[in-house]
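A.B. asks: Got a structure here, written out as structure tokens. Questions coming.
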Amino acid sequence: LVQNIINAQKWMSLILGGMTFSEIAQAEGTSKRRVQDVVDLAMLSPDVLDAIAAGEQPDGLTSDYLIKSGVPALWAEQRETFAKL
């Protein structure tokens, strides 16, 4: 989870700098779809990131869960959703 968040933040920075998903995928040796899926993790709220960094996230809060279910845009919704895991 932590490594995917690091990648997401790096890739979001590259996107904001003008790179496309395809260009990032090629540079990183992964698929465009993987970049598209993982980059959403860059939108996690600071308190959720702090909990993950401290290893205090709910057991069900995994990269797989976040990619499949999506990351709510509002930080308040993230807190509410992830607290139920």
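In the structure tokens, chains take letters A, B, ... by order of appearance, with residues numbered from 1 within each chain and ligands from 1 in the order shown.
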Identify, on the basis of only C-alpha atoms, every residue whose closest approach to range 11-16 of chain A does not exceed 7 Å; exclude the query and any residue fewer than 4 positions from it along the same chain; express the result as an MDAnalysis selection string.
C.D. replies: chainID A and resid 7 20 39 42
A.B. asks: Nearest residue to Gln36 in chain A out of A:Asp59, A:Gln3, A:Lys68, A:Ala51, using only C-alpha atoms?
C.D. replies: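 The shortest atom-to-atom distance to Gln36 in chain A comes from A:Lys68.
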A.B. asks: Can you list every residue in chain A that DSSP puts in helix (DSSP H, G or I), as a ChimeraX atom specification?
C.D. replies: /A:2-16,21-28,32-43,46-53,63-69,75-83
A.B. asks: Skip Glu80 in chain A itself and residues of its chain fewer than 4 positions away, then list as a list of chain:residue names all residues within 12 Å of it, counting only C-alpha atoms.
C.D. replies: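 In the requested form, the answer reads A:Ser45, A:Val48, A:Pro58, A:Val71, A:Pro72, A:Leu74, A:Trp75, A:Ala76, A:Lys84, A:Leu85.
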A.B. asks: Any chance you can output those residues with C-alpha atoms as an mmCIF file, in the first residue's frame?
C.D. replies:
data_model
loop_
_atom_site.group_PDB
_atom_site.id
_atom_site.type_symbol
_atom_site.label_atom_id
_atom_site.label_comp_id
_atom_site.auth_asym_id
_atom_site.auth_seq_id
_atom_site.Cartn_x
_atom_site.Cartn_y
_atom_site.Cartn_z
ATOM 1 C CA SER A 45 -6.572 12.700 2.741
ATOM 2 C CA VAL A 48 -5.675 8.721 6.065
ATOM 3 C CA PRO A 58 -8.219 -0.577 9.059
ATOM 4 C CA VAL A 71 -11.192 6.743 -3.596
ATOM 5 C CA PRO A 72 -13.989 9.136 -2.608
ATOM 6 C CA LEU A 74 -14.203 14.306 -0.445
ATOM 7 C CA TRP A 75 -11.883 13.709 2.492
ATOM 8 C CA ALA A 76 -14.864 13.536 4.878
ATOM 9 C CA LYS A 84 -16.453 1.195 8.377
ATOM 10 C CA LEU A 85 -13.842 -1.347 7.240
#
